[in-house]
>>> print(open('my_file.cif').read())   # mmCIF, C-alpha atoms and all ligand atoms
data_start
#
loop_
_atom_site.label_atom_id
_atom_site.label_comp_id
_atom_site.auth_asym_id
_atom_site.auth_seq_id
_atom_site.Cartn_x
_atom_site.Cartn_y
_atom_site.Cartn_z
CA ARG A 1 30.45 -5.51 0.40
CA HIS A 2 28.51 -4.64 -2.67
CA PRO A 3 28.65 -7.15 -5.48
CA ALA A 4 29.86 -5.87 -8.84
CA HIS A 5 27.45 -4.82 -11.57
CA ALA A 6 27.73 -8.11 -13.49
CA GLU A 7 26.47 -10.04 -10.50
CA LEU A 8 23.13 -8.27 -10.63
CA THR A 9 21.81 -10.94 -12.95
CA ALA A 10 22.91 -13.83 -10.71
CA THR A 11 19.99 -16.10 -9.85
CA THR A 12 20.71 -15.82 -6.12
CA ASP A 13 19.89 -12.14 -6.27
CA ALA A 14 16.68 -11.19 -4.58
CA PRO A 15 14.26 -9.98 -7.27
CA ASP A 16 13.72 -6.88 -5.16
CA ARG A 17 17.29 -5.78 -5.64
CA LEU A 18 17.13 -6.34 -9.40
CA ASP A 19 13.92 -4.34 -9.56
CA LEU A 20 15.50 -1.57 -7.53
CA ALA A 21 18.56 -1.53 -9.81
CA ARG A 22 16.35 -1.17 -12.89
CA GLU A 23 14.19 1.48 -11.26
CA VAL A 24 17.15 3.56 -10.14
CA ARG A 25 18.99 3.23 -13.45
CA GLU A 26 15.95 4.37 -15.43
CA GLY A 27 14.37 6.71 -12.92
CA LEU A 28 17.41 8.86 -12.25
CA ASN A 29 17.82 9.40 -15.99
CA LYS A 30 14.32 10.85 -16.30
CA THR A 31 13.35 14.51 -16.07
CA PRO A 32 12.23 15.08 -13.40
CA LYS A 33 14.08 12.25 -11.68
CA ARG A 34 11.85 9.67 -10.06
CA ILE A 35 11.94 6.46 -8.00
CA SER A 36 8.74 4.63 -7.14
CA SER A 37 7.44 4.45 -3.57
CA ARG A 38 7.24 0.65 -4.06
CA PHE A 39 10.86 0.66 -2.91
CA PHE A 40 10.17 2.40 0.42
CA TYR A 41 9.41 -0.85 2.20
CA ASP A 42 12.69 -2.47 3.22
CA ALA A 43 12.83 -3.55 6.89
CA GLU A 44 13.54 0.01 8.09
CA GLY A 45 10.95 1.54 5.75
CA SER A 46 8.27 -0.89 6.97
CA ARG A 47 9.19 -0.09 10.56
CA LEU A 48 8.96 3.65 9.89
CA PHE A 49 5.61 3.26 8.15
CA ALA A 50 4.28 1.32 11.15
CA GLU A 51 5.28 4.32 13.30
CA ILE A 52 3.76 6.82 10.87
CA MET A 53 0.41 5.06 11.31
CA HIS A 54 0.44 6.23 14.92
CA VAL A 55 1.50 9.88 14.51
CA PRO A 56 -1.23 12.44 15.34
CA GLU A 57 -1.22 14.03 11.86
CA TYR A 58 -1.57 10.71 9.98
CA TYR A 59 -5.34 10.38 10.32
CA LEU A 60 -5.75 7.63 7.69
CA THR A 61 -5.18 4.61 9.93
CA ARG A 62 -7.33 5.90 12.80
CA SER A 63 -10.16 6.79 10.43
CA GLU A 64 -10.15 3.38 8.83
CA TYR A 65 -9.92 1.64 12.21
CA GLU A 66 -13.02 3.56 13.31
CA ILE A 67 -14.88 2.52 10.16
CA LEU A 68 -14.08 -1.18 10.52
CA ASP A 69 -14.86 -1.18 14.22
CA THR A 70 -18.15 0.69 13.81
CA HIS A 71 -19.37 -1.34 10.84
CA LYS A 72 -18.02 -4.81 11.59
CA ALA A 73 -21.50 -6.31 12.02
CA ASP A 74 -22.71 -4.81 8.77
CA LEU A 75 -19.55 -5.99 7.02
CA LEU A 76 -20.04 -9.55 8.28
CA HIS A 77 -23.62 -9.42 7.08
CA CYS A 78 -22.43 -8.41 3.59
CA PHE A 79 -19.56 -10.93 3.48
CA SER A 80 -21.59 -13.93 4.68
CA HIS A 81 -24.83 -12.92 3.06
CA ASP A 82 -27.22 -15.95 3.15
CA GLY A 83 -24.85 -17.76 5.54
CA LYS A 84 -22.32 -18.69 2.83
CA PRO A 85 -18.76 -19.39 3.96
CA PHE A 86 -16.24 -16.90 2.63
CA GLU A 87 -12.50 -16.63 2.01
CA LEU A 88 -11.00 -13.36 3.14
CA ILE A 89 -7.96 -12.45 1.01
CA GLU A 90 -6.03 -9.47 2.24
CA LEU A 91 -3.66 -7.72 -0.15
CA GLY A 92 -0.76 -6.11 1.75
CA ALA A 93 -1.80 -7.06 5.26
CA GLY A 94 1.10 -5.33 7.07
CA ASP A 95 0.81 -5.82 10.82
CA GLY A 96 -2.89 -6.62 10.48
CA LEU A 97 -3.90 -4.09 13.14
CA LYS A 98 -7.13 -3.08 11.41
CA THR A 99 -7.97 -6.54 10.10
CA LYS A 100 -7.77 -8.00 13.59
CA VAL A 101 -10.86 -5.99 14.55
CA LEU A 102 -12.74 -7.94 11.89
CA LEU A 103 -11.17 -11.32 12.67
CA GLU A 104 -11.99 -10.90 16.34
CA TYR A 105 -15.62 -10.06 15.66
CA PHE A 106 -16.15 -12.63 12.91
CA GLY A 107 -14.67 -15.30 15.17
CA ALA A 108 -16.91 -14.30 18.08
CA GLN A 109 -19.92 -14.59 15.78
CA ASN A 110 -18.84 -18.09 14.68
CA ALA A 111 -18.70 -16.98 11.09
CA SER A 112 -17.47 -19.59 8.64
CA PHE A 113 -14.44 -18.11 6.90
CA THR A 114 -10.74 -18.52 6.16
CA TYR A 115 -8.06 -15.83 6.03
CA ALA A 116 -5.38 -15.50 3.33
CA PRO A 117 -2.99 -12.61 3.92
CA VAL A 118 -0.91 -11.78 0.82
CA ASP A 119 2.37 -9.92 1.03
CA ILE A 120 5.64 -9.66 -0.87
CA SER A 121 7.52 -9.44 2.41
CA ALA A 122 8.12 -12.99 3.68
CA ASP A 123 9.15 -11.70 7.11
CA ALA A 124 6.05 -9.58 7.61
CA LEU A 125 3.87 -12.46 6.48
CA ARG A 126 5.49 -14.98 8.83
CA GLU A 127 5.11 -12.65 11.78
CA LEU A 128 1.48 -11.88 11.02
CA THR A 129 0.60 -15.55 10.50
CA THR A 130 2.19 -16.64 13.78
CA ASP A 131 0.50 -13.81 15.58
CA ILE A 132 -2.95 -14.54 14.16
CA GLN A 133 -2.66 -18.28 14.68
CA SER A 134 -1.75 -17.78 18.32
CA GLN A 135 -4.70 -15.44 18.87
CA TRP A 136 -7.24 -17.48 16.90
CA PRO A 137 -6.05 -21.11 16.78
CA GLN A 138 -9.34 -22.23 15.20
CA LEU A 139 -8.98 -19.94 12.19
CA THR A 140 -7.59 -21.40 8.96
CA VAL A 141 -4.83 -19.03 7.77
CA ASN A 142 -3.41 -19.49 4.25
CA PRO A 143 -0.55 -16.99 3.86
CA GLN A 144 0.45 -16.26 0.26
CA HIS A 145 3.96 -14.98 -0.31
CA ALA A 146 3.36 -13.39 -3.70
CA GLU A 147 2.64 -10.30 -5.73
CA TYR A 148 -1.00 -9.27 -5.32
CA LEU A 149 -2.17 -10.22 -8.78
CA THR A 150 -0.39 -13.59 -8.77
CA ALA A 151 -2.09 -14.46 -5.51
CA ILE A 152 -5.50 -13.43 -6.83
CA ALA A 153 -5.06 -15.54 -9.97
CA GLN A 154 -3.98 -18.58 -7.92
CA LEU A 155 -6.73 -18.28 -5.36
CA SER A 156 -9.46 -17.92 -7.90
CA GLN A 157 -8.12 -20.99 -9.77
CA ARG A 158 -8.03 -23.34 -6.82
CA ARG A 159 -10.94 -22.40 -4.68
CA ALA A 160 -11.13 -24.75 -1.74
CA ASP A 161 -14.88 -24.70 -1.66
CA GLU A 162 -16.82 -24.13 -4.86
CA SER A 163 -19.67 -22.53 -2.99
CA SER A 164 -17.56 -20.13 -0.97
CA ARG A 165 -17.35 -16.46 -1.80
CA LEU A 166 -14.07 -14.61 -2.21
CA VAL A 167 -13.81 -11.32 -0.33
CA VAL A 168 -10.73 -9.29 -1.26
CA LEU A 169 -9.55 -6.69 1.27
CA PHE A 170 -7.35 -3.87 0.05
CA LEU A 171 -7.18 -1.43 2.94
CA GLY A 172 -5.17 1.62 3.99
CA SER A 173 -5.63 3.64 0.79
CA ASN A 174 -2.79 1.67 -0.76
CA ILE A 175 -4.68 2.24 -4.01
CA GLY A 176 -3.76 5.93 -3.68
CA ASN A 177 -0.12 5.04 -4.37
CA PHE A 178 -1.01 3.79 -7.87
CA ALA A 179 -1.04 6.03 -10.92
CA PRO A 180 -4.69 6.51 -12.00
CA ALA A 181 -4.40 4.25 -15.08
CA GLU A 182 -2.66 1.54 -13.03
CA ALA A 183 -5.47 1.65 -10.48
CA VAL A 184 -8.06 0.92 -13.17
CA ASP A 185 -5.96 -1.95 -14.60
CA PHE A 186 -5.44 -3.36 -11.12
CA PHE A 187 -9.16 -3.36 -10.29
CA ARG A 188 -10.05 -4.73 -13.71
CA THR A 189 -7.61 -7.63 -13.34
CA ILE A 190 -9.08 -8.45 -9.93
CA SER A 191 -12.64 -8.19 -11.15
CA GLU A 192 -11.84 -10.52 -14.06
CA ALA A 193 -10.44 -13.12 -11.65
CA LEU A 194 -13.55 -13.02 -9.46
CA ARG A 195 -16.95 -14.68 -9.92
CA PRO A 196 -20.31 -12.96 -9.77
CA GLY A 197 -21.18 -12.34 -6.13
CA ASP A 198 -17.54 -12.09 -4.99
CA LEU A 199 -16.65 -8.89 -3.15
CA MET A 200 -13.83 -6.42 -2.76
CA LEU A 201 -13.53 -3.97 0.15
CA THR A 202 -11.11 -1.10 -0.57
CA GLY A 203 -9.93 1.76 1.65
CA PHE A 204 -9.85 5.17 -0.04
CA ASP A 205 -8.53 8.34 1.53
CA LEU A 206 -11.01 11.10 0.66
CA GLN A 207 -10.41 14.70 -0.43
CA LYS A 208 -10.77 17.12 2.47
CA HIS A 209 -9.28 20.40 3.70
CA PRO A 210 -5.88 20.50 1.96
CA ALA A 211 -4.13 21.53 5.18
CA VAL A 212 -5.21 18.29 6.89
CA ILE A 213 -3.76 16.23 4.05
CA HIS A 214 -0.62 18.30 3.83
CA ALA A 215 0.04 17.88 7.56
CA ALA A 216 -0.38 14.09 7.31
CA TYR A 217 2.69 13.97 5.07
CA ASN A 218 4.70 16.54 7.08
CA ASP A 219 4.43 15.25 10.64
CA ARG A 220 6.21 17.27 13.27
CA GLN A 221 8.19 14.29 14.55
CA GLY A 222 9.79 14.01 11.11
CA LEU A 223 8.87 10.36 10.59
CA THR A 224 7.59 10.94 7.06
CA ARG A 225 10.79 12.76 6.29
CA ALA A 226 12.86 9.82 7.62
CA PHE A 227 10.63 7.40 5.66
CA ASN A 228 11.26 9.27 2.40
CA LEU A 229 15.01 9.68 3.00
CA ASN A 230 15.33 5.99 3.89
CA LEU A 231 14.96 5.28 0.19
CA LEU A 232 18.40 6.81 -0.35
CA ARG A 233 19.82 4.75 2.51
CA ARG A 234 18.42 1.63 0.86
CA ILE A 235 20.04 2.56 -2.48
CA ASN A 236 23.34 3.15 -0.71
CA ARG A 237 23.16 -0.26 0.93
CA GLU A 238 21.76 -2.35 -1.90
CA LEU A 239 23.40 -0.70 -4.90
CA GLY A 240 26.61 0.67 -3.41
CA ALA A 241 25.65 4.32 -3.84
CA ASN A 242 27.04 7.23 -1.82
CA PHE A 243 24.02 9.48 -1.29
CA ASN A 244 24.74 11.87 1.58
CA LEU A 245 21.39 11.89 3.40
CA SER A 246 22.02 15.24 5.03
CA ALA A 247 22.38 16.84 1.60
CA PHE A 248 18.75 15.92 0.72
CA ASP A 249 15.50 17.22 2.13
CA HIS A 250 11.90 15.94 2.27
CA TYR A 251 9.30 18.04 0.45
CA GLU A 252 5.59 17.39 0.08
CA THR A 253 2.91 19.06 -2.04
CA TYR A 254 -0.83 18.57 -2.05
CA SER A 255 -2.91 19.85 -4.91
CA PRO A 256 -6.64 20.09 -4.18
CA GLU A 257 -7.19 20.36 -7.93
CA THR A 258 -5.75 16.94 -8.75
CA GLY A 259 -6.23 15.30 -5.34
CA GLU A 260 -2.58 14.24 -5.39
CA ALA A 261 -0.16 14.47 -2.47
CA ARG A 262 3.34 14.14 -3.91
CA SER A 263 6.58 13.44 -2.07
CA TYR A 264 9.95 14.58 -3.27
CA LEU A 265 13.56 14.37 -2.17
CA VAL A 266 15.28 17.69 -2.81
CA SER A 267 18.99 18.07 -3.43
CA GLN A 268 20.15 20.84 -1.10
CA LYS A 269 23.17 21.68 -3.25
CA LYS A 270 24.80 20.98 -6.57
CA GLN A 271 26.30 17.51 -6.15
CA THR A 272 27.25 14.27 -7.85
CA VAL A 273 26.35 10.84 -6.52
CA THR A 274 28.04 7.59 -7.56
CA ILE A 275 26.11 4.33 -7.78
CA GLU A 276 28.87 1.74 -7.87
CA ASP A 277 26.83 -1.34 -8.81
CA LEU A 278 25.25 0.48 -11.75
CA GLN A 279 28.55 2.07 -12.78
CA GLN A 280 26.64 5.29 -12.92
CA THR A 281 27.16 8.82 -11.64
CA VAL A 282 24.19 11.12 -11.22
CA SER A 283 24.39 14.92 -11.06
CA PHE A 284 21.98 17.09 -9.12
CA GLU A 285 21.49 20.83 -9.36
CA ALA A 286 20.80 22.70 -6.13
CA GLY A 287 17.04 22.41 -5.56
CA GLU A 288 16.57 19.56 -8.03
CA VAL A 289 14.04 16.91 -6.97
CA ILE A 290 13.51 13.18 -7.13
CA HIS A 291 9.77 12.45 -7.19
CA THR A 292 9.17 9.46 -4.91
CA GLU A 293 5.47 9.06 -4.15
CA ILE A 294 1.92 9.91 -5.15
CA SER A 295 -0.77 9.49 -2.48
CA ARG A 296 -3.99 10.14 -4.30
CA LYS A 297 -7.10 11.39 -2.49
CA PHE A 298 -10.47 10.50 -3.93
CA THR A 299 -13.96 11.91 -4.33
CA ARG A 300 -17.05 9.72 -4.38
CA PRO A 301 -17.51 10.27 -8.14
CA ASP A 302 -13.86 9.16 -8.67
CA ILE A 303 -14.62 5.93 -6.85
CA GLU A 304 -17.91 5.34 -8.66
CA HIS A 305 -16.11 5.87 -11.95
CA LEU A 306 -13.35 3.45 -10.96
CA ALA A 307 -15.93 0.78 -10.12
CA ARG A 308 -17.70 1.23 -13.46
CA GLN A 309 -14.48 1.17 -15.47
CA SER A 310 -13.28 -2.03 -13.85
CA GLY A 311 -16.45 -4.14 -14.00
CA PHE A 312 -17.59 -3.80 -10.40
CA ALA A 313 -20.81 -2.48 -8.89
CA LEU A 314 -20.43 -0.19 -5.88
CA THR A 315 -22.70 -1.72 -3.26
CA LYS A 316 -21.82 -0.12 0.09
CA TRP A 317 -20.08 3.00 1.28
CA PHE A 318 -18.74 3.14 4.85
CA THR A 319 -17.17 6.27 6.28
CA ASP A 320 -15.85 7.65 9.59
CA CYS A 321 -17.51 10.40 11.59
CA LYS A 322 -15.33 13.11 10.00
CA HIS A 323 -15.81 11.73 6.47
CA TYR A 324 -12.04 11.64 6.05
CA PHE A 325 -11.84 8.09 4.74
CA ALA A 326 -14.11 5.52 3.07
CA ASP A 327 -14.12 1.74 2.93
CA VAL A 328 -16.09 0.88 -0.15
CA LEU A 329 -17.60 -2.48 -1.03
CA PHE A 330 -17.54 -3.49 -4.68
CA ARG A 331 -19.41 -6.52 -5.97
CA LYS A 332 -18.53 -8.50 -9.07
C1 LIG A 401 0.96 3.04 2.25
N1 LIG A 401 0.39 4.32 1.81
C2 LIG A 401 -1.05 4.24 1.72
C3 LIG A 401 0.87 5.47 2.59
C4 LIG A 401 0.22 6.78 2.05
O1 LIG A 401 -0.37 7.47 2.85
O2 LIG A 401 0.30 7.01 0.85
C5 LIG A 401 2.37 5.61 2.57
C6 LIG A 401 2.86 6.86 3.21
N2 LIG A 401 3.62 7.77 2.65
C7 LIG A 401 3.88 8.74 3.49
N3 LIG A 401 3.24 8.48 4.62
C8 LIG A 401 2.61 7.31 4.47
#
>>> encode(input="my_file.cif", output="structure tokens")
Amino acid sequence: RHPAHAELTATTDAPDRLDLAREVREGLNKTPKRISSRFFYDAEGSRLFAEIMHVPEYYLTRSEYEILDTHKADLLHCFSHDGKPFELIELGAGDGLKTKVLLEYFGAQNASFTYAPVDISADALRELTTDIQSQWPQLTVNPQHAEYLTAIAQLSQRRADESSRLVVLFLGSNIGNFAPAEAVDFFRTISEALRPGDLMLTGFDLQKHPAVIHAAYNDRQGLTRAFNLNLLRRINRELGANFNLSAFDHYETYSPETGEARSYLVSQKKQTVTIEDLQQTVSFEAGEVIHTEISRKFTRPDIEHLARQSGFALTKWFTDCKHYFADVLFRK
């Protein structure tokens, strides 16, 4: 049963659902219609994304895995420069697949560090923490169930060890899902919370042959399509809407001029959808789109510019053998 509209403000409501209600109410009134990809990640969306990371066309995860595996010794050298202990803070850890390569190696080298995964999904965080603690019982794990920026502010305020260095990990090209101005604000806020010498390692998907990028968001198994359409399923469930999923299609564009891959949901016919909890009906023309995601691809000058604008110095550039992806170390 879907609660009535008035109940949306009840304190028992998960903030996620309130956010979604606001996003849908405003976004479907815009031209073109839009709903942010932040809302992709319900349980089913997170599961689908975990599968996408393994499809042959989605090169991002494999490229970054290769980088971290190849350069783990160099990374440890940078993180624990002059033998200082460090606190690894991972924003949006997911299933930790890539990070585990680092934890494994750092542990084997007896590095002195702690690990603080940050996620807004309590379930994902609990699972990851249990998993990591069972694999590395000696490692201190401080999970933070919070928005990224809240966690950064808290961690920088109450540093366990005054002499330790903070190392923020932001992998997977999650930064590509931010609008360009938001990305600068995000990095600037982090850089302001850090102290000189602290580090941030970010994964950036790089510009390359447009066909390679286009294929990554149009996999043959149709997982990306299911991932995009799942947003409508979520709105049906959480806001009492009646989107007919078979009347919408997945469509992706990549523009080598802007470096933006964009995902859309396309209405396959003229139709009206009712969103009960918002007491709203929404009309679609045949072929009309809802813009759902930007996945930005970067050039090295883009990344250098981002570092400069946000108060960081770019100190190291790690890439895979195909130069598809880069993990870039910024220093405060
Ligand atoms: C999470 N993020 C970096 C993914 C991306 O590539 O933009 C999400 C995704 N969207 C479609 N496929 C994967």
>>> residues_near_ligand(input="my_file.cif", ligand="ligand LIG 401 (chain A)", cutoff="9 Å", atoms="all atoms listed in the file", output="count of residues only")
29
>>> closest_atom_pairs(input="my_file.cif", of="region 185-304 of chain A", to="region 17-27 of chain A", cutoff="9 Å", atoms="only C-alpha atoms", output="Markdown table")
| residue | atom | partner | partner_atom | distance |
| --- | --- | --- | --- | --- |
| A:Ile235 | CA | A:Leu20 | CA | 7.9 |
| A:Glu238 | CA | A:Arg17 | CA | 6.8 |
| A:Leu239 | CA | A:Ala21 | CA | 6.9 |
| A:Asp277 | CA | A:Ala21 | CA | 8.3 |
| A:Leu278 | CA | A:Arg25 | CA | 7.0 |
| A:Gln280 | CA | A:Arg25 | CA | 7.9 |
| A:Ile290 | CA | A:Gly27 | CA | 8.7 |
>>> write_last_selection(input="my_file.cif", atoms="C-alpha atoms", output="PDB file, keeping the file's coordinate frame")
ATOM      1  CA  ILE A 235      20.040   2.560  -2.480  1.00  0.00           C
ATOM      2  CA  GLU A 238      21.760  -2.350  -1.900  1.00  0.00           C
ATOM      3  CA  LEU A 239      23.400  -0.700  -4.900  1.00  0.00           C
ATOM      4  CA  ASP A 277      26.830  -1.340  -8.810  1.00  0.00           C
ATOM      5  CA  LEU A 278      25.250   0.480 -11.750  1.00  0.00           C
ATOM      6  CA  GLN A 280      26.640   5.290 -12.920  1.00  0.00           C
ATOM      7  CA  ILE A 290      13.510  13.180  -7.130  1.00  0.00           C
TER       8      ILE A 290
END
>>> axis_aligned_box(input="my_file.cif", around="region 300-308 of chain A", padding_each_side="5 Å", output="AutoDock Vina command-line options")
--center_x -15.6 --center_y 5.5 --center_z -8.9 --size_x 14.6 --size_y 19.5 --size_z 19.1
>>> residues_around(input="my_file.cif", residues="Phe248 (chain A)", least_positions_apart="4", cutoff="12 Å", atoms="only C-alpha atoms", output="list in words")
Arg225, Ala226, Asn228, Leu229, Asn230, Leu231, Leu232, Arg233, Phe243, Asn244, Tyr264, Leu265, Val266, Ser267, Gln268, Lys269, Lys270, Gln271, Val273, Phe284, Glu285, Ala286, Gly287, Glu288, Val289 and Ile290 of chain A
>>> closest_residue(input="my_file.cif", among="A:Tyr115, A:Phe330, A:Phe79, A:Tyr41", to="Ile190 (chain A)", atoms="only C-alpha atoms")
A:Phe330
>>> residues_around(input="my_file.cif", residues="Ala146 (chain A)", least_positions_apart="5", cutoff="8 Å", atoms="only C-alpha atoms", output="list in words")
Val118, Asp119, Ile120 and Ala151 of chain A
>>> closest_residue(input="my_file.cif", among="A:Glu252, A:Ser283, A:Ile275, A:Pro301", to="Ala215 (chain A)", atoms="all atoms listed in the file")
A:Glu252
>>> atom_distance(input="my_file.cif", atom1="CA of Glu66 (chain A)", atom2="CA of Pro210 (chain A)")
21.6 Å
>>> closest_residue(input="my_file.cif", among="A:Asn242, A:Ala313, A:Glu90, A:Asp249", to="Gly222 (chain A)", atoms="all atoms listed in the file")
A:Asp249
>>> atom_distance(input="my_file.cif", atom1="CA of Lys297 (chain A)", atom2="CA of Glu260 (chain A)")
6.1 Å
>>> atom_distance(input="my_file.cif", atom1="CA of His214 (chain A)", atom2="CA of Thr253 (chain A)")
6.9 Å
>>> residues_around(input="my_file.cif", residues="Asp198 (chain A)", least_positions_apart="5", cutoff="10 Å", atoms="all atoms listed in the file", output="PDB file with C-alpha atoms, in the coordinates of the input")
ATOM      1  CA  PHE A  79     -19.560 -10.930   3.480  1.00  0.00           C
ATOM      2  CA  PHE A  86     -16.240 -16.900   2.630  1.00  0.00           C
ATOM      3  CA  GLU A  87     -12.500 -16.630   2.010  1.00  0.00           C
ATOM      4  CA  SER A 164     -17.560 -20.130  -0.970  1.00  0.00           C
ATOM      5  CA  ARG A 165     -17.350 -16.460  -1.800  1.00  0.00           C
ATOM      6  CA  LEU A 166     -14.070 -14.610  -2.210  1.00  0.00           C
ATOM      7  CA  VAL A 167     -13.810 -11.320  -0.330  1.00  0.00           C
ATOM      8  CA  VAL A 168     -10.730  -9.290  -1.260  1.00  0.00           C
ATOM      9  CA  SER A 191     -12.640  -8.190 -11.150  1.00  0.00           C
ATOM     10  CA  ALA A 193     -10.440 -13.120 -11.650  1.00  0.00           C
ATOM     11  CA  PHE A 312     -17.590  -3.800 -10.400  1.00  0.00           C
ATOM     12  CA  PHE A 330     -17.540  -3.490  -4.680  1.00  0.00           C
ATOM     13  CA  ARG A 331     -19.410  -6.520  -5.970  1.00  0.00           C
ATOM     14  CA  LYS A 332     -18.530  -8.500  -9.070  1.00  0.00           C
TER      15      LYS A 332
END
>>> closest_residue(input="my_file.cif", among="A:Tyr59, A:Tyr148, A:Tyr105, A:Phe39", to="Ile89 (chain A)", atoms="all atoms listed in the file")
A:Tyr148
>>> closest_residue(input="my_file.cif", among="A:Lys30, A:Ser63, A:Ser36, A:Leu149", to="Arg262 (chain A)", atoms="only C-alpha atoms")
A:Ser36
>>> decode(input="my_file.cif", residues="region 79-93 of chain A", atoms="N, CA, C and O atoms", output="compact mmCIF listing (two decimals), in the first residue's frame")
# COMPACT_ATOMS: atom_id res chain seq x y z
N PHE A 79 50.79 7.01 -0.07
CA PHE A 79 49.88 7.18 1.07
C PHE A 79 50.64 7.23 2.39
O PHE A 79 50.29 7.99 3.29
N SER A 80 51.68 6.39 2.52
CA SER A 80 52.37 6.31 3.81
C SER A 80 53.75 6.94 3.72
O SER A 80 54.66 6.56 4.42
N HIS A 81 53.86 7.88 2.85
CA HIS A 81 55.11 8.61 2.65
C HIS A 81 55.73 8.96 4.00
O HIS A 81 55.01 9.42 4.89
N ASP A 82 56.98 8.72 4.20
CA ASP A 82 57.74 8.88 5.45
C ASP A 82 57.17 8.06 6.62
O ASP A 82 57.27 8.42 7.77
N GLY A 83 56.53 6.93 6.28
CA GLY A 83 56.08 5.97 7.30
C GLY A 83 54.92 6.43 8.16
O GLY A 83 54.57 5.78 9.14
N LYS A 84 54.29 7.54 7.82
CA LYS A 84 53.16 8.05 8.60
C LYS A 84 51.98 7.09 8.52
O LYS A 84 51.69 6.55 7.45
N PRO A 85 51.24 6.93 9.64
CA PRO A 85 49.98 6.17 9.52
C PRO A 85 48.98 6.99 8.71
O PRO A 85 49.10 8.22 8.64
N PHE A 86 48.03 6.31 8.10
CA PHE A 86 47.02 7.06 7.34
C PHE A 86 45.63 6.48 7.53
O PHE A 86 45.48 5.31 7.90
N GLU A 87 44.62 7.33 7.33
CA GLU A 87 43.22 6.90 7.41
C GLU A 87 42.65 6.93 6.01
O GLU A 87 42.57 7.99 5.40
N LEU A 88 42.26 5.75 5.55
CA LEU A 88 41.69 5.62 4.22
C LEU A 88 40.19 5.83 4.33
O LEU A 88 39.50 5.08 5.02
N ILE A 89 39.65 6.85 3.66
CA ILE A 89 38.21 7.11 3.70
C ILE A 89 37.68 6.88 2.30
O ILE A 89 38.09 7.57 1.37
N GLU A 90 36.79 5.91 2.16
CA GLU A 90 36.30 5.63 0.81
C GLU A 90 34.87 6.13 0.64
O GLU A 90 33.94 5.68 1.32
N LEU A 91 34.66 7.02 -0.31
CA LEU A 91 33.34 7.55 -0.58
C LEU A 91 32.64 6.65 -1.58
O LEU A 91 33.12 6.46 -2.70
N GLY A 92 31.50 6.05 -1.17
CA GLY A 92 30.75 5.16 -2.06
C GLY A 92 31.48 3.87 -2.35
O GLY A 92 31.83 3.57 -3.48
N ALA A 93 31.72 3.10 -1.30
CA ALA A 93 32.57 1.91 -1.42
C ALA A 93 31.93 0.77 -2.23
O ALA A 93 32.64 -0.06 -2.79
